[in-house]
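Below you'll find the structure, written out as structure tokens, and then a few comments.
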Amino acid sequence: MTTEDIDRRSPLLRTAGSTVLIATVAGLAILGIAAAAGVDFRVRPPGSDAVMDINAVAVAVTIILTTALGWAVVALARRVGRPSLRAIGVIAAVFAVISVTMPLGAEGDAAARLVLAALHLVTGAIFVAGVELLRRRMPSGDHA
């Protein structure tokens, strides 16, 4: 690994780390506000008999893992040269919108389902914004 390799990765690492942190804080803030308002976060996922009690730990771990996985895909895509950061942003946005069907399809308090759907959209939007920020920071030939 050369100094040039490290310099090329620095924007990716900084942007990824910031995005994971911002998404986690935003998600926990949304969850905290909703919980303070009395929202009951016991839901039954579609096709399951088990009731899940959504809490701050579950939300934080899920956001950290999914956004970190997204950034791993970005890093891998940059390494192999495909697809472009713009395409990854579009794919991530579509994935965030589609993922809303999980909480909306769950059984439980309507407010909880809406808050959980909002969490999907907010954290997805933060990730997409991070990818776009990275795209703008990359040298012109690096982000098609």
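Order determines the names: the first chain of the structure tokens is A, the second B, and so forth; residues in each chain are numbered 1 upward, and ligands are numbered 1 upward as they are shown.
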
Show me a table, sorted first by chain and then by increasing residue number, of the residues of region 62-119 of chain A having an atom at most 7 Å from region 35-52 of chain A, each with its shortest atom pair and the distance in Å to one decimal, counting only C-alpha atoms and written as JSON lines.
```
{"residue": "A:Gly105", "atom": "CA", "partner": "A:Pro46", "partner_atom": "CA", "distance": 5.8}
{"residue": "A:Ala106", "atom": "CA", "partner": "A:Pro45", "partner_atom": "CA", "distance": 4.5}
{"residue": "A:Glu107", "atom": "CA", "partner": "A:Arg44", "partner_atom": "CA", "distance": 4.9}
{"residue": "A:Gly108", "atom": "CA", "partner": "A:Val43", "partner_atom": "CA", "distance": 4.6}
{"residue": "A:Asp109", "atom": "CA", "partner": "A:Asp40", "partner_atom": "CA", "distance": 6.3}
{"residue": "A:Ala111", "atom": "CA", "partner": "A:Val39", "partner_atom": "CA", "distance": 6.3}
{"residue": "A:Ala112", "atom": "CA", "partner": "A:Phe41", "partner_atom": "CA", "distance": 5.4}
```

Could those residues be written to a file, using C-alpha atoms, as an mmCIF file, in the first residue's frame?
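Here's the written file selection-v7.cif:
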```cif
data_model
loop_
_atom_site.group_PDB
_atom_site.id
_atom_site.type_symbol
_atom_site.label_atom_id
_atom_site.label_comp_id
_atom_site.auth_asym_id
_atom_site.auth_seq_id
_atom_site.Cartn_x
_atom_site.Cartn_y
_atom_site.Cartn_z
ATOM 1 C CA GLY A 105 -46.143 -4.692 6.636
ATOM 2 C CA ALA A 106 -45.574 -5.546 10.296
ATOM 3 C CA GLU A 107 -48.335 -5.944 12.833
ATOM 4 C CA GLY A 108 -48.356 -3.529 15.709
ATOM 5 C CA ASP A 109 -48.950 0.079 16.638
ATOM 6 C CA ALA A 111 -47.265 4.947 14.925
ATOM 7 C CA ALA A 112 -44.437 2.460 15.521
#
```

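Within region 18-142 of chain A, the backbone-based DSSP assignment of strand (DSSP E) covers A:Arg42, A:Val43, A:Arg44, A:Met52, A:Asp53, A:Glu107, A:Gly108.
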
So that I can check the surroundings of Thr24 (chain A), please list as a compact mmCIF listing (two decimals) with C-alpha atoms, in the first residue's frame every protein, DNA and RNA residue that reaches within 12 Å of it, counting only C-alpha atoms and ignoring chain neighbours fewer than 4 positions away.
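Listing of part.txt after writing:
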```txt
# COMPACT_ATOMS: atom_id res chain seq x y z
CA GLY A 17 -17.32 7.06 9.21
CA SER A 18 -19.20 10.35 9.33
CA THR A 19 -22.19 8.86 7.55
CA VAL A 20 -22.40 5.87 9.89
CA LEU A 28 -31.61 7.10 17.76
CA ALA A 29 -32.99 10.65 17.97
CA ILE A 30 -36.07 9.66 15.97
CA LEU A 31 -36.56 6.56 18.09
CA GLY A 32 -36.07 8.55 21.31
CA ALA A 56 -32.19 1.68 20.94
CA VAL A 57 -29.59 -1.11 20.86
CA ALA A 58 -31.37 -2.94 18.04
CA VAL A 59 -31.76 0.28 16.07
CA ALA A 60 -28.13 1.37 16.57
CA VAL A 61 -26.70 -2.03 15.67
CA THR A 62 -28.91 -2.32 12.59
CA ILE A 63 -28.01 1.16 11.35
CA ILE A 64 -24.29 0.64 11.96
CA LEU A 65 -24.25 -2.75 10.24
CA THR A 66 -26.32 -1.74 7.22
CA THR A 67 -24.53 1.54 6.56
CA ALA A 68 -21.13 -0.09 7.09
CA LEU A 119 -36.02 5.38 10.10
CA HIS A 120 -35.44 3.39 6.91
CA VAL A 122 -33.88 8.83 6.92
CA THR A 123 -30.90 6.50 7.28
CA GLY A 124 -31.09 5.64 3.59
CA ILE A 126 -28.13 9.99 4.90
CA PHE A 127 -26.23 7.16 3.20
```

Go through chain A and collect every residue that DSSP, computed from the backbone, puts in helix (DSSP H, G or I); the answer should be as an MDAnalysis selection string.
chainID A and resid 3:36 56:80 85:99 101:105 110:137 140:142

May I have the selected residues written with C-alpha atoms, as a JSON list (two decimals), in the first residue's frame?
```
[["chain", "number", "residue", "atom", "x", "y", "z"],
["A", 3, "THR", "CA", 0.89, 6.81, 0.27],
["A", 4, "GLU", "CA", -1.17, 7.48, -2.86],
["A", 5, "ASP", "CA", -3.48, 4.54, -2.00],
["A", 6, "ILE", "CA", -4.00, 5.91, 1.51],
["A", 7, "ASP", "CA", -4.70, 9.41, 0.17],
["A", 8, "ARG", "CA", -7.26, 8.02, -2.30],
["A", 9, "ARG", "CA", -9.06, 6.12, 0.45],
["A", 10, "SER", "CA", -9.09, 8.92, 3.02],
["A", 11, "PRO", "CA", -12.17, 10.69, 1.61],
["A", 12, "LEU", "CA", -13.98, 7.35, 1.50],
["A", 13, "LEU", "CA", -13.04, 6.46, 5.08],
["A", 14, "ARG", "CA", -13.88, 9.92, 6.43],
["A", 15, "THR", "CA", -17.18, 10.06, 4.57],
["A", 16, "ALA", "CA", -18.12, 6.51, 5.55],
["A", 17, "GLY", "CA", -17.32, 7.06, 9.21],
["A", 18, "SER", "CA", -19.20, 10.35, 9.33],
["A", 19, "THR", "CA", -22.19, 8.86, 7.55],
["A", 20, "VAL", "CA", -22.40, 5.87, 9.89],
["A", 21, "LEU", "CA", -22.21, 8.20, 12.90],
["A", 22, "ILE", "CA", -24.76, 10.71, 11.57],
["A", 23, "ALA", "CA", -27.21, 7.99, 10.52],
["A", 24, "THR", "CA", -26.93, 6.30, 13.92],
["A", 25, "VAL", "CA", -27.44, 9.53, 15.86],
["A", 26, "ALA", "CA", -30.38, 10.53, 13.65],
["A", 27, "GLY", "CA", -32.00, 7.12, 13.99],
["A", 28, "LEU", "CA", -31.61, 7.10, 17.76],
["A", 29, "ALA", "CA", -32.99, 10.65, 17.97],
["A", 30, "ILE", "CA", -36.07, 9.66, 15.97],
["A", 31, "LEU", "CA", -36.56, 6.56, 18.09],
["A", 32, "GLY", "CA", -36.07, 8.55, 21.31],
["A", 33, "ILE", "CA", -38.57, 11.24, 20.35],
["A", 34, "ALA", "CA", -41.15, 8.64, 19.36],
["A", 35, "ALA", "CA", -40.58, 6.63, 22.56],
["A", 36, "ALA", "CA", -40.93, 9.80, 24.64],
["A", 56, "ALA", "CA", -32.19, 1.68, 20.94],
["A", 57, "VAL", "CA", -29.59, -1.11, 20.86],
["A", 58, "ALA", "CA", -31.37, -2.94, 18.04],
["A", 59, "VAL", "CA", -31.76, 0.28, 16.07],
["A", 60, "ALA", "CA", -28.13, 1.37, 16.57],
["A", 61, "VAL", "CA", -26.70, -2.03, 15.67],
["A", 62, "THR", "CA", -28.91, -2.32, 12.59],
["A", 63, "ILE", "CA", -28.01, 1.16, 11.35],
["A", 64, "ILE", "CA", -24.29, 0.64, 11.96],
["A", 65, "LEU", "CA", -24.25, -2.75, 10.24],
["A", 66, "THR", "CA", -26.32, -1.74, 7.22],
["A", 67, "THR", "CA", -24.53, 1.54, 6.56],
["A", 68, "ALA", "CA", -21.13, -0.09, 7.09],
["A", 69, "LEU", "CA", -22.15, -2.81, 4.64],
["A", 70, "GLY", "CA", -23.20, -0.14, 2.16],
["A", 71, "TRP", "CA", -19.81, 1.53, 2.47],
["A", 72, "ALA", "CA", -18.08, -1.82, 2.02],
["A", 73, "VAL", "CA", -19.97, -2.17, -1.27],
["A", 74, "VAL", "CA", -18.86, 1.33, -2.26],
["A", 75, "ALA", "CA", -15.23, 0.50, -1.45],
["A", 76, "LEU", "CA", -15.41, -2.76, -3.40],
["A", 77, "ALA", "CA", -17.09, -1.08, -6.36],
["A", 78, "ARG", "CA", -14.40, 1.60, -6.45],
["A", 79, "ARG", "CA", -11.72, -1.07, -6.28],
["A", 80, "VAL", "CA", -13.08, -2.97, -9.30],
["A", 85, "LEU", "CA", -20.87, 6.31, -7.30],
["A", 86, "ARG", "CA", -23.92, 7.92, -8.88],
["A", 87, "ALA", "CA", -25.32, 4.47, -9.72],
["A", 88, "ILE", "CA", -24.60, 3.25, -6.19],
["A", 89, "GLY", "CA", -26.49, 6.25, -4.79],
["A", 90, "VAL", "CA", -29.50, 5.50, -6.98],
["A", 91, "ILE", "CA", -29.44, 1.81, -6.04],
["A", 92, "ALA", "CA", -29.19, 2.71, -2.34],
["A", 93, "ALA", "CA", -32.14, 5.11, -2.61],
["A", 94, "VAL", "CA", -34.26, 2.45, -4.29],
["A", 95, "PHE", "CA", -33.24, -0.09, -1.66],
["A", 96, "ALA", "CA", -34.20, 2.32, 1.17],
["A", 97, "VAL", "CA", -37.62, 2.91, -0.35],
["A", 98, "ILE", "CA", -38.23, -0.81, -0.90],
["A", 99, "SER", "CA", -37.08, -1.61, 2.65],
["A", 101, "THR", "CA", -42.31, -2.37, 3.15],
["A", 102, "MET", "CA", -40.93, -4.39, 6.09],
["A", 103, "PRO", "CA", -42.03, -2.08, 8.90],
["A", 104, "LEU", "CA", -45.19, -1.03, 7.10],
["A", 105, "GLY", "CA", -46.14, -4.69, 6.64],
["A", 110, "ALA", "CA", -49.46, 2.19, 13.49],
["A", 111, "ALA", "CA", -47.26, 4.95, 14.93],
["A", 112, "ALA", "CA", -44.44, 2.46, 15.52],
["A", 113, "ARG", "CA", -44.68, 1.16, 11.98],
["A", 114, "LEU", "CA", -44.57, 4.70, 10.58],
["A", 115, "VAL", "CA", -41.61, 5.68, 12.77],
["A", 116, "LEU", "CA", -39.72, 2.54, 11.74],
["A", 117, "ALA", "CA", -40.49, 3.25, 8.08],
["A", 118, "ALA", "CA", -39.21, 6.81, 8.59],
["A", 119, "LEU", "CA", -36.02, 5.38, 10.10],
["A", 120, "HIS", "CA", -35.44, 3.39, 6.91],
["A", 121, "LEU", "CA", -35.94, 6.47, 4.76],
["A", 122, "VAL", "CA", -33.88, 8.83, 6.92],
["A", 123, "THR", "CA", -30.90, 6.50, 7.28],
["A", 124, "GLY", "CA", -31.09, 5.64, 3.59],
["A", 125, "ALA", "CA", -31.15, 9.33, 2.68],
["A", 126, "ILE", "CA", -28.13, 9.99, 4.90],
["A", 127, "PHE", "CA", -26.23, 7.16, 3.20],
["A", 128, "VAL", "CA", -27.17, 8.43, -0.26],
["A", 129, "ALA", "CA", -26.09, 11.96, 0.73],
["A", 130, "GLY", "CA", -22.77, 10.54, 1.90],
["A", 131, "VAL", "CA", -22.24, 8.73, -1.40],
["A", 132, "GLU", "CA", -23.03, 11.93, -3.30],
["A", 133, "LEU", "CA", -20.64, 13.90, -1.09],
["A", 134, "LEU", "CA", -17.93, 11.34, -1.78],
["A", 135, "ARG", "CA", -18.66, 11.50, -5.51],
["A", 136, "ARG", "CA", -18.17, 15.27, -5.46],
["A", 137, "ARG", "CA", -14.91, 14.94, -3.51],
["A", 140, "SER", "CA", -13.15, 14.12, -11.94],
["A", 141, "GLY", "CA", -12.30, 10.81, -13.61],
["A", 142, "ASP", "CA", -13.00, 8.81, -10.47]]
```
